[in-house]
file upload.cif (mmCIF, N, CA and C atoms)
data_work
#
loop_
_atom_site.label_atom_id
_atom_site.label_comp_id
_atom_site.auth_asym_id
_atom_site.auth_seq_id
_atom_site.Cartn_x
_atom_site.Cartn_y
_atom_site.Cartn_z
N MET A 1 -11.76 32.28 -50.81
CA MET A 1 -12.37 31.36 -51.75
C MET A 1 -13.51 30.63 -51.03
N SER A 2 -14.09 29.68 -51.67
CA SER A 2 -15.30 29.07 -51.15
C SER A 2 -15.09 28.15 -49.96
N GLY A 3 -13.85 27.71 -49.72
CA GLY A 3 -13.59 26.82 -48.60
C GLY A 3 -13.81 25.36 -48.91
N SER A 4 -14.15 25.01 -50.15
CA SER A 4 -14.34 23.61 -50.52
C SER A 4 -12.98 22.93 -50.62
N ASN A 5 -12.99 21.65 -50.93
CA ASN A 5 -11.74 20.90 -51.04
C ASN A 5 -11.00 21.18 -52.34
N GLU A 6 -11.64 21.89 -53.25
CA GLU A 6 -11.04 22.14 -54.55
C GLU A 6 -11.52 23.48 -55.10
N GLU A 7 -10.64 24.20 -55.75
CA GLU A 7 -10.98 25.45 -56.42
C GLU A 7 -10.64 25.31 -57.90
N ARG A 8 -11.12 26.25 -58.69
CA ARG A 8 -10.80 26.28 -60.12
C ARG A 8 -9.84 27.42 -60.39
N ALA A 9 -9.01 27.21 -61.41
CA ALA A 9 -8.08 28.25 -61.87
C ALA A 9 -8.06 28.24 -63.39
N ILE A 10 -7.64 29.36 -63.95
CA ILE A 10 -7.36 29.43 -65.39
C ILE A 10 -5.94 29.95 -65.55
N SER A 11 -5.27 29.42 -66.55
CA SER A 11 -3.91 29.83 -66.85
C SER A 11 -3.96 30.99 -67.83
N ILE A 12 -3.27 32.08 -67.47
CA ILE A 12 -3.26 33.29 -68.29
C ILE A 12 -1.81 33.73 -68.47
N ARG A 13 -1.44 34.02 -69.71
CA ARG A 13 -0.08 34.47 -69.98
C ARG A 13 0.16 35.84 -69.36
N GLN A 14 1.41 36.08 -69.02
CA GLN A 14 1.82 37.42 -68.63
C GLN A 14 2.08 38.22 -69.90
N PRO A 15 1.79 39.49 -69.97
CA PRO A 15 1.46 40.39 -68.86
C PRO A 15 -0.05 40.47 -68.56
N TRP A 16 -0.84 39.60 -69.19
CA TRP A 16 -2.30 39.73 -69.04
C TRP A 16 -2.78 39.38 -67.63
N ALA A 17 -2.14 38.42 -66.98
CA ALA A 17 -2.51 38.11 -65.59
C ALA A 17 -2.26 39.34 -64.71
N TYR A 18 -1.11 39.98 -64.90
CA TYR A 18 -0.78 41.20 -64.15
C TYR A 18 -1.79 42.29 -64.46
N ALA A 19 -2.14 42.45 -65.73
CA ALA A 19 -3.08 43.50 -66.14
C ALA A 19 -4.45 43.32 -65.48
N ILE A 20 -4.90 42.07 -65.35
CA ILE A 20 -6.19 41.82 -64.69
C ILE A 20 -6.13 42.26 -63.23
N LEU A 21 -5.03 41.94 -62.57
CA LEU A 21 -4.92 42.22 -61.14
C LEU A 21 -4.54 43.65 -60.80
N HIS A 22 -3.81 44.32 -61.70
CA HIS A 22 -3.25 45.63 -61.34
C HIS A 22 -3.58 46.78 -62.29
N LEU A 23 -4.01 46.48 -63.51
CA LEU A 23 -4.20 47.55 -64.51
C LEU A 23 -5.65 47.71 -64.97
N GLY A 24 -6.57 47.02 -64.33
CA GLY A 24 -7.98 47.19 -64.69
C GLY A 24 -8.44 46.42 -65.91
N LYS A 25 -7.67 45.41 -66.34
CA LYS A 25 -8.11 44.59 -67.48
C LYS A 25 -9.37 43.85 -67.05
N ASP A 26 -10.49 44.18 -67.69
CA ASP A 26 -11.79 43.66 -67.27
C ASP A 26 -12.37 42.63 -68.23
N VAL A 27 -11.57 42.17 -69.17
CA VAL A 27 -12.00 41.17 -70.15
C VAL A 27 -10.87 40.17 -70.36
N GLU A 28 -11.20 38.90 -70.34
CA GLU A 28 -10.27 37.86 -70.77
C GLU A 28 -10.75 37.37 -72.12
N ASN A 29 -9.91 37.50 -73.14
CA ASN A 29 -10.24 37.11 -74.51
C ASN A 29 -9.93 35.64 -74.70
N ARG A 30 -10.95 34.89 -75.12
CA ARG A 30 -10.78 33.45 -75.32
C ARG A 30 -11.49 33.04 -76.61
N PRO A 31 -11.02 31.97 -77.27
CA PRO A 31 -11.69 31.51 -78.48
C PRO A 31 -12.99 30.76 -78.19
N MET A 32 -13.19 30.38 -76.92
CA MET A 32 -14.41 29.64 -76.58
C MET A 32 -15.15 30.36 -75.45
N ARG A 33 -16.44 30.10 -75.37
CA ARG A 33 -17.24 30.71 -74.32
C ARG A 33 -17.15 29.88 -73.05
N THR A 34 -17.61 30.46 -71.97
CA THR A 34 -17.73 29.72 -70.72
C THR A 34 -19.08 30.01 -70.10
N HIS A 35 -19.62 29.01 -69.43
CA HIS A 35 -20.87 29.20 -68.69
C HIS A 35 -20.57 29.38 -67.20
N TYR A 36 -19.29 29.26 -66.85
CA TYR A 36 -18.90 29.40 -65.46
C TYR A 36 -19.08 30.85 -65.00
N ARG A 37 -19.62 31.03 -63.82
CA ARG A 37 -19.74 32.35 -63.19
C ARG A 37 -19.25 32.21 -61.75
N GLY A 38 -18.48 33.16 -61.31
CA GLY A 38 -18.00 33.14 -59.94
C GLY A 38 -16.51 33.39 -59.87
N ARG A 39 -15.97 33.30 -58.67
CA ARG A 39 -14.55 33.57 -58.44
C ARG A 39 -13.71 32.42 -58.96
N ILE A 40 -12.59 32.80 -59.59
CA ILE A 40 -11.66 31.81 -60.15
C ILE A 40 -10.23 32.29 -59.87
N LEU A 41 -9.36 31.35 -59.61
CA LEU A 41 -7.95 31.68 -59.39
C LEU A 41 -7.28 31.98 -60.72
N ILE A 42 -6.28 32.85 -60.68
CA ILE A 42 -5.49 33.17 -61.88
C ILE A 42 -4.11 32.55 -61.71
N GLN A 43 -3.77 31.65 -62.64
CA GLN A 43 -2.46 31.03 -62.67
C GLN A 43 -1.69 31.71 -63.79
N ALA A 44 -0.59 32.39 -63.45
CA ALA A 44 0.25 33.03 -64.47
C ALA A 44 1.08 31.94 -65.14
N SER A 45 0.88 31.77 -66.45
CA SER A 45 1.57 30.69 -67.17
C SER A 45 3.06 30.99 -67.26
N LEU A 46 3.82 30.00 -67.70
CA LEU A 46 5.27 30.18 -67.85
C LEU A 46 5.62 31.10 -69.01
N LYS A 47 4.72 31.19 -69.99
CA LYS A 47 4.95 32.00 -71.18
C LYS A 47 4.69 33.47 -70.88
N VAL A 48 5.64 34.32 -71.25
CA VAL A 48 5.49 35.77 -71.13
C VAL A 48 5.55 36.38 -72.53
N GLU A 49 4.59 37.21 -72.85
CA GLU A 49 4.61 37.94 -74.11
C GLU A 49 5.43 39.22 -73.87
N ASP A 50 6.73 39.11 -74.14
CA ASP A 50 7.68 40.18 -73.81
C ASP A 50 7.31 41.53 -74.42
N GLU A 51 7.00 41.54 -75.70
CA GLU A 51 6.69 42.80 -76.38
C GLU A 51 5.45 43.47 -75.77
N GLU A 52 4.42 42.67 -75.48
CA GLU A 52 3.20 43.22 -74.88
C GLU A 52 3.49 43.77 -73.48
N ALA A 53 4.35 43.09 -72.74
CA ALA A 53 4.72 43.56 -71.40
C ALA A 53 5.41 44.92 -71.51
N ARG A 54 6.33 45.06 -72.44
CA ARG A 54 7.03 46.33 -72.60
C ARG A 54 6.08 47.45 -73.02
N LYS A 55 5.08 47.12 -73.86
CA LYS A 55 4.09 48.14 -74.25
C LYS A 55 3.33 48.66 -73.03
N LEU A 56 3.16 47.81 -72.02
CA LEU A 56 2.47 48.20 -70.79
C LEU A 56 3.45 48.77 -69.75
N LYS A 57 4.71 49.00 -70.21
CA LYS A 57 5.76 49.54 -69.36
C LYS A 57 6.11 48.61 -68.18
N LEU A 58 6.09 47.31 -68.47
CA LEU A 58 6.44 46.30 -67.48
C LEU A 58 7.70 45.58 -67.92
N ASP A 59 8.51 45.16 -66.97
CA ASP A 59 9.71 44.38 -67.26
C ASP A 59 9.30 42.91 -67.31
N PRO A 60 9.40 42.27 -68.48
CA PRO A 60 8.97 40.87 -68.59
C PRO A 60 9.66 39.94 -67.60
N ASP A 61 10.90 40.24 -67.25
CA ASP A 61 11.66 39.38 -66.33
C ASP A 61 11.20 39.52 -64.88
N GLU A 62 10.41 40.55 -64.59
CA GLU A 62 9.94 40.78 -63.21
C GLU A 62 8.55 40.18 -62.95
N LEU A 63 7.89 39.72 -64.00
CA LEU A 63 6.53 39.20 -63.84
C LEU A 63 6.55 37.77 -63.33
N PRO A 64 5.76 37.46 -62.30
CA PRO A 64 5.73 36.08 -61.79
C PRO A 64 5.12 35.14 -62.82
N THR A 65 5.68 33.94 -62.89
CA THR A 65 5.17 32.92 -63.82
C THR A 65 5.11 31.57 -63.10
N GLY A 66 4.29 30.67 -63.66
CA GLY A 66 4.19 29.33 -63.11
C GLY A 66 3.60 29.29 -61.72
N ALA A 67 2.69 30.25 -61.42
CA ALA A 67 2.15 30.34 -60.07
C ALA A 67 0.76 30.96 -60.07
N ILE A 68 0.00 30.64 -59.03
CA ILE A 68 -1.27 31.33 -58.79
C ILE A 68 -0.91 32.69 -58.23
N VAL A 69 -1.43 33.75 -58.85
CA VAL A 69 -1.07 35.11 -58.45
C VAL A 69 -2.25 35.91 -57.91
N GLY A 70 -3.46 35.39 -58.06
CA GLY A 70 -4.64 36.12 -57.59
C GLY A 70 -5.91 35.42 -57.99
N SER A 71 -7.00 36.18 -57.90
CA SER A 71 -8.31 35.65 -58.31
C SER A 71 -9.15 36.79 -58.84
N VAL A 72 -10.21 36.42 -59.54
CA VAL A 72 -11.12 37.39 -60.13
C VAL A 72 -12.48 36.72 -60.30
N GLU A 73 -13.53 37.51 -60.36
CA GLU A 73 -14.86 36.96 -60.63
C GLU A 73 -15.17 37.02 -62.12
N ILE A 74 -15.64 35.90 -62.67
CA ILE A 74 -16.17 35.88 -64.03
C ILE A 74 -17.67 36.16 -63.89
N VAL A 75 -18.14 37.27 -64.46
CA VAL A 75 -19.53 37.67 -64.26
C VAL A 75 -20.40 37.48 -65.51
N ASP A 76 -19.77 37.33 -66.67
CA ASP A 76 -20.54 37.11 -67.90
C ASP A 76 -19.59 36.69 -69.00
N CYS A 77 -20.15 36.28 -70.12
CA CYS A 77 -19.38 35.89 -71.29
C CYS A 77 -20.15 36.36 -72.51
N ILE A 78 -19.57 37.32 -73.24
CA ILE A 78 -20.25 37.93 -74.38
C ILE A 78 -19.29 38.03 -75.57
N ARG A 79 -19.80 38.49 -76.69
CA ARG A 79 -18.99 38.67 -77.89
C ARG A 79 -18.65 40.13 -78.18
N ASN A 80 -19.41 41.05 -77.63
CA ASN A 80 -19.31 42.44 -78.08
C ASN A 80 -18.94 43.42 -76.98
N SER A 81 -18.00 43.08 -76.13
CA SER A 81 -17.60 43.98 -75.06
C SER A 81 -17.01 45.27 -75.65
N ARG A 82 -17.29 46.36 -74.99
CA ARG A 82 -16.74 47.65 -75.41
C ARG A 82 -15.46 48.00 -74.67
N SER A 83 -14.97 47.07 -73.88
CA SER A 83 -13.74 47.30 -73.12
C SER A 83 -12.57 47.54 -74.06
N LYS A 84 -11.65 48.39 -73.64
CA LYS A 84 -10.44 48.64 -74.44
C LYS A 84 -9.56 47.38 -74.53
N TRP A 85 -9.81 46.43 -73.64
CA TRP A 85 -9.03 45.19 -73.61
C TRP A 85 -9.62 44.11 -74.52
N ALA A 86 -10.83 44.31 -75.04
CA ALA A 86 -11.51 43.29 -75.84
C ALA A 86 -10.90 43.18 -77.24
N ILE A 87 -10.74 41.94 -77.70
CA ILE A 87 -10.25 41.67 -79.06
C ILE A 87 -11.43 41.17 -79.88
N GLN A 88 -11.67 41.83 -81.00
CA GLN A 88 -12.79 41.46 -81.88
C GLN A 88 -12.64 40.02 -82.36
N GLY A 89 -13.77 39.30 -82.40
CA GLY A 89 -13.78 37.93 -82.87
C GLY A 89 -13.56 36.90 -81.77
N GLN A 90 -13.28 37.35 -80.57
CA GLN A 90 -13.06 36.46 -79.43
C GLN A 90 -14.28 36.49 -78.51
N TRP A 91 -14.39 35.50 -77.66
CA TRP A 91 -15.36 35.55 -76.57
C TRP A 91 -14.75 36.42 -75.48
N HIS A 92 -15.56 37.24 -74.87
CA HIS A 92 -15.09 38.15 -73.83
C HIS A 92 -15.64 37.69 -72.48
N TRP A 93 -14.76 37.14 -71.67
CA TRP A 93 -15.14 36.75 -70.32
C TRP A 93 -15.03 38.01 -69.48
N LEU A 94 -16.16 38.52 -69.00
CA LEU A 94 -16.18 39.77 -68.25
C LEU A 94 -15.75 39.53 -66.81
N LEU A 95 -14.80 40.35 -66.35
CA LEU A 95 -14.15 40.15 -65.07
C LEU A 95 -14.40 41.31 -64.12
N LYS A 96 -14.55 40.99 -62.83
CA LYS A 96 -14.74 42.01 -61.80
C LYS A 96 -14.05 41.57 -60.51
N LYS A 97 -13.81 42.54 -59.66
CA LYS A 97 -13.31 42.33 -58.30
C LYS A 97 -12.03 41.49 -58.23
N PRO A 98 -10.95 41.96 -58.88
CA PRO A 98 -9.69 41.23 -58.79
C PRO A 98 -9.13 41.29 -57.37
N ARG A 99 -8.49 40.20 -56.97
CA ARG A 99 -7.82 40.11 -55.67
C ARG A 99 -6.43 39.52 -55.88
N VAL A 100 -5.45 40.18 -55.31
CA VAL A 100 -4.05 39.77 -55.47
C VAL A 100 -3.66 38.85 -54.32
N LEU A 101 -2.98 37.78 -54.66
CA LEU A 101 -2.47 36.86 -53.65
C LEU A 101 -1.22 37.49 -53.03
N ALA A 102 -1.16 37.53 -51.71
CA ALA A 102 -0.03 38.16 -51.01
C ALA A 102 1.29 37.50 -51.39
N LYS A 103 1.28 36.18 -51.55
CA LYS A 103 2.48 35.44 -51.95
C LYS A 103 2.06 34.41 -52.99
N PRO A 104 2.62 34.49 -54.23
CA PRO A 104 2.26 33.52 -55.27
C PRO A 104 2.49 32.08 -54.82
N ILE A 105 1.64 31.18 -55.34
CA ILE A 105 1.73 29.75 -55.03
C ILE A 105 2.11 29.02 -56.31
N LEU A 106 3.25 28.35 -56.31
CA LEU A 106 3.69 27.62 -57.50
C LEU A 106 2.66 26.58 -57.90
N LEU A 107 2.31 26.58 -59.19
CA LEU A 107 1.35 25.62 -59.73
C LEU A 107 1.55 25.53 -61.23
N LYS A 108 1.67 24.32 -61.73
CA LYS A 108 1.80 24.09 -63.16
C LYS A 108 0.47 24.42 -63.84
N GLY A 109 0.54 25.08 -64.97
CA GLY A 109 -0.66 25.45 -65.72
C GLY A 109 -1.14 24.33 -66.61
N ALA A 110 -2.28 24.56 -67.25
CA ALA A 110 -2.87 23.59 -68.18
C ALA A 110 -3.91 24.32 -69.02
N LEU A 111 -4.34 23.68 -70.09
CA LEU A 111 -5.42 24.24 -70.89
C LEU A 111 -6.74 24.03 -70.17
N GLY A 112 -7.68 24.93 -70.39
CA GLY A 112 -8.99 24.81 -69.76
C GLY A 112 -8.92 25.16 -68.29
N PHE A 113 -9.92 24.71 -67.56
CA PHE A 113 -9.95 24.97 -66.12
C PHE A 113 -9.02 24.00 -65.41
N ILE A 114 -8.29 24.51 -64.44
CA ILE A 114 -7.34 23.72 -63.66
C ILE A 114 -7.97 23.47 -62.30
N ARG A 115 -7.91 22.24 -61.84
CA ARG A 115 -8.38 21.92 -60.49
C ARG A 115 -7.24 22.17 -59.51
N VAL A 116 -7.53 22.96 -58.49
CA VAL A 116 -6.53 23.31 -57.49
C VAL A 116 -6.96 22.72 -56.15
N PRO A 117 -6.18 21.79 -55.60
CA PRO A 117 -6.53 21.22 -54.30
C PRO A 117 -6.60 22.30 -53.22
N GLY A 118 -7.62 22.25 -52.40
CA GLY A 118 -7.81 23.23 -51.34
C GLY A 118 -6.62 23.33 -50.40
N ARG A 119 -5.90 22.22 -50.21
CA ARG A 119 -4.76 22.22 -49.28
C ARG A 119 -3.67 23.20 -49.73
N LEU A 120 -3.57 23.47 -51.05
CA LEU A 120 -2.57 24.43 -51.55
C LEU A 120 -2.91 25.86 -51.12
N LEU A 121 -4.18 26.09 -50.85
CA LEU A 121 -4.62 27.45 -50.54
C LEU A 121 -4.74 27.74 -49.05
N LYS A 122 -4.49 26.73 -48.22
CA LYS A 122 -4.60 26.93 -46.77
C LYS A 122 -3.68 28.05 -46.31
N GLY A 123 -4.24 28.98 -45.55
CA GLY A 123 -3.46 30.07 -45.00
C GLY A 123 -3.14 31.18 -45.98
N THR A 124 -3.66 31.11 -47.20
CA THR A 124 -3.37 32.16 -48.17
C THR A 124 -4.14 33.43 -47.83
N ARG A 125 -3.54 34.56 -48.21
CA ARG A 125 -4.19 35.84 -47.98
C ARG A 125 -4.28 36.59 -49.30
N PHE A 126 -5.48 37.08 -49.57
CA PHE A 126 -5.72 37.90 -50.76
C PHE A 126 -5.95 39.33 -50.31
N ARG A 127 -5.60 40.27 -51.16
CA ARG A 127 -5.94 41.66 -50.92
C ARG A 127 -6.62 42.21 -52.15
N THR A 128 -7.49 43.18 -51.94
CA THR A 128 -8.18 43.80 -53.06
C THR A 128 -7.17 44.53 -53.92
N ALA A 129 -7.30 44.34 -55.23
CA ALA A 129 -6.36 44.96 -56.17
C ALA A 129 -6.60 46.45 -56.27
#
call {"tool": "encode", "arguments": {"input": "upload.cif", "output": "structure tokens"}}
result
Amino acid sequence: MSGSNEERAISIRQPWAYAILHLGKDVENRPMRTHYRGRILIQASLKVEDEEARKLKLDPDELPTGAIVGSVEIVDCIRNSRSKWAIQGQWHWLLKKPRVLAKPILLKGALGFIRVPGRLLKGTRFRTA
């Protein structure tokens, strides 16, 4: 990460956080746009969409929740992505270069961008997804 005293995170429900880091999900569907560009932490929310997880052949009970699980770069925000992950009528936050956190860091989620104190990230190791 940038090494500053604070990083940003977004809370994403499972299995979508997993899909970004491991399955090539390159779009985050949101009702609002963002002007933010750059690397952002992914906080897997406590809520798991069980049926969607099973459709992706994932066990909902095995997915980490309530923790920072990785990071990704937000490179653009558009309405008309052709990605298979894009939902019509939503803003499409275009994502690249996912990185998985070697060990999840417990963190309570919130709406919007979450401020993450840099001290929580000391000594963390990311690997390319």
call {"tool": "closest_residue", "arguments": {"input": "upload.cif", "among": "A:Leu94, A:Glu7, A:Leu23, A:Glu51", "to": "Arg119 (chain A)", "atoms": "only N, CA and C atoms"}}
result
A:Glu7
call {"tool": "atom_distance", "arguments": {"input": "upload.cif", "atom1": "atom N of Val116 (chain A)", "atom2": "atom C of Ile68 (chain A)"}}
result
11.8 Å
call {"tool": "resolve_selection", "arguments": {"input": "upload.cif", "expression": "the PyMOL selection byres ((chain A and resi 39-46) around 6)", "output": "ChimeraX atom specification"}}
result
/A:8-14,17,37-38,47-48,64-74,109
call {"tool": "atom_distance", "arguments": {"input": "upload.cif", "atom1": "CA of Lys103 (chain A)", "atom2": "atom N of Arg54 (chain A)"}}
result
23.0 Å
call {"tool": "residues_around", "arguments": {"input": "upload.cif", "residues": "Pro117 (chain A)", "least_positions_apart": "2", "cutoff": "10 Å", "atoms": "only C-alpha atoms", "output": "PyMOL selection string"}}
result
chain A and resi 4-8+114-115+119-122
call {"tool": "atom_distance", "arguments": {"input": "upload.cif", "atom1": "atom C of Ile20 (chain A)", "atom2": "atom N of Gly89 (chain A)"}}
result
20.8 Å
call {"tool": "closest_residue", "arguments": {"input": "upload.cif", "among": "A:Pro98, A:Asp59, A:Ala110, A:Thr124", "to": "His22 (chain A)", "atoms": "only N, CA and C atoms"}}
result
A:Pro98
call {"tool": "axis_aligned_box", "arguments": {"input": "upload.cif", "around": "region 11-22 of chain A", "padding_each_side": "6 Å", "output": "AutoDock Vina command-line options"}}
result
--center_x -2.1 --center_y 38.1 --center_z -65.4 --size_x 20.3 --size_y 29.4 --size_z 21.2
call {"tool": "decode", "arguments": {"input": "upload.cif", "residues": "region 28-89 of chain A", "atoms": "C-alpha atoms", "output": "PDB file, in the first residue's frame"}}
result
ATOM      1  CA  GLU A  28     -17.775  -3.868  -8.802  1.00  0.00           C
ATOM      2  CA  ASN A  29     -21.440  -2.969  -9.334  1.00  0.00           C
ATOM      3  CA  ARG A  30     -22.573   0.018  -7.291  1.00  0.00           C
ATOM      4  CA  PRO A  31     -25.589   2.353  -7.394  1.00  0.00           C
ATOM      5  CA  MET A  32     -23.291   5.381  -7.245  1.00  0.00           C
ATOM      6  CA  ARG A  33     -20.207   6.436  -9.155  1.00  0.00           C
ATOM      7  CA  THR A  34     -16.784   7.069  -7.718  1.00  0.00           C
ATOM      8  CA  HIS A  35     -14.061   9.464  -8.755  1.00  0.00           C
ATOM      9  CA  TYR A  36     -11.501   7.556  -6.711  1.00  0.00           C
ATOM     10  CA  ARG A  37      -8.704   5.889  -8.698  1.00  0.00           C
ATOM     11  CA  GLY A  38      -5.992   3.737  -7.219  1.00  0.00           C
ATOM     12  CA  ARG A  39      -5.453   0.792  -4.901  1.00  0.00           C
ATOM     13  CA  ILE A  40      -8.128   0.101  -2.299  1.00  0.00           C
ATOM     14  CA  LEU A  41      -8.444  -2.553   0.377  1.00  0.00           C
ATOM     15  CA  ILE A  42     -11.285  -5.079   0.155  1.00  0.00           C
ATOM     16  CA  GLN A  43     -13.175  -5.706   3.388  1.00  0.00           C
ATOM     17  CA  ALA A  44     -15.360  -8.831   3.166  1.00  0.00           C
ATOM     18  CA  SER A  45     -18.610  -7.880   4.895  1.00  0.00           C
ATOM     19  CA  LEU A  46     -20.356 -10.114   7.423  1.00  0.00           C
ATOM     20  CA  LYS A  47     -23.184 -10.772   4.951  1.00  0.00           C
ATOM     21  CA  VAL A  48     -22.763 -13.747   2.613  1.00  0.00           C
ATOM     22  CA  GLU A  49     -25.055 -14.275  -0.358  1.00  0.00           C
ATOM     23  CA  ASP A  50     -25.312 -18.045   0.082  1.00  0.00           C
ATOM     24  CA  GLU A  51     -27.122 -18.848  -3.167  1.00  0.00           C
ATOM     25  CA  GLU A  52     -24.676 -16.789  -5.254  1.00  0.00           C
ATOM     26  CA  ALA A  53     -21.741 -18.500  -3.521  1.00  0.00           C
ATOM     27  CA  ARG A  54     -23.140 -21.931  -4.382  1.00  0.00           C
ATOM     28  CA  LYS A  55     -23.639 -20.866  -8.024  1.00  0.00           C
ATOM     29  CA  LEU A  56     -19.893 -20.127  -8.093  1.00  0.00           C
ATOM     30  CA  LYS A  57     -19.257 -23.576  -6.548  1.00  0.00           C
ATOM     31  CA  LEU A  58     -18.104 -22.041  -3.257  1.00  0.00           C
ATOM     32  CA  ASP A  59     -19.065 -23.111   0.260  1.00  0.00           C
ATOM     33  CA  PRO A  60     -20.613 -20.021   1.912  1.00  0.00           C
ATOM     34  CA  ASP A  61     -19.410 -21.184   5.346  1.00  0.00           C
ATOM     35  CA  GLU A  62     -15.777 -21.260   4.148  1.00  0.00           C
ATOM     36  CA  LEU A  63     -15.647 -17.647   2.923  1.00  0.00           C
ATOM     37  CA  PRO A  64     -13.908 -15.163   5.241  1.00  0.00           C
ATOM     38  CA  THR A  65     -16.117 -12.370   6.565  1.00  0.00           C
ATOM     39  CA  GLY A  66     -15.667  -9.275   8.708  1.00  0.00           C
ATOM     40  CA  ALA A  67     -12.074  -8.843   7.566  1.00  0.00           C
ATOM     41  CA  ILE A  68      -9.777  -7.196   5.056  1.00  0.00           C
ATOM     42  CA  VAL A  69      -8.983  -9.966   2.570  1.00  0.00           C
ATOM     43  CA  GLY A  70      -7.035  -8.183  -0.167  1.00  0.00           C
ATOM     44  CA  SER A  71      -6.772  -5.139  -2.377  1.00  0.00           C
ATOM     45  CA  VAL A  72      -7.486  -4.108  -5.945  1.00  0.00           C
ATOM     46  CA  GLU A  73      -6.984  -1.064  -8.162  1.00  0.00           C
ATOM     47  CA  ILE A  74     -10.011   0.993  -9.203  1.00  0.00           C
ATOM     48  CA  VAL A  75      -9.052   2.207 -12.689  1.00  0.00           C
ATOM     49  CA  ASP A  76     -12.308   3.718 -13.976  1.00  0.00           C
ATOM     50  CA  CYS A  77     -16.027   4.097 -13.341  1.00  0.00           C
ATOM     51  CA  ILE A  78     -18.443   3.663 -16.251  1.00  0.00           C
ATOM     52  CA  ARG A  79     -22.027   2.635 -16.988  1.00  0.00           C
ATOM     53  CA  ASN A  80     -21.600   0.306 -19.946  1.00  0.00           C
ATOM     54  CA  SER A  81     -18.990  -2.319 -19.089  1.00  0.00           C
ATOM     55  CA  ARG A  82     -19.054  -5.405 -21.268  1.00  0.00           C
ATOM     56  CA  SER A  83     -17.756  -7.577 -18.446  1.00  0.00           C
ATOM     57  CA  LYS A  84     -19.738 -10.733 -17.683  1.00  0.00           C
ATOM     58  CA  TRP A  85     -19.812  -9.473 -14.080  1.00  0.00           C
ATOM     59  CA  ALA A  86     -21.508  -6.137 -14.947  1.00  0.00           C
ATOM     60  CA  ILE A  87     -25.140  -5.580 -13.911  1.00  0.00           C
ATOM     61  CA  GLN A  88     -27.147  -3.302 -16.189  1.00  0.00           C
ATOM     62  CA  GLY A  89     -28.305  -0.056 -14.584  1.00  0.00           C
TER      63      GLY A  89
END
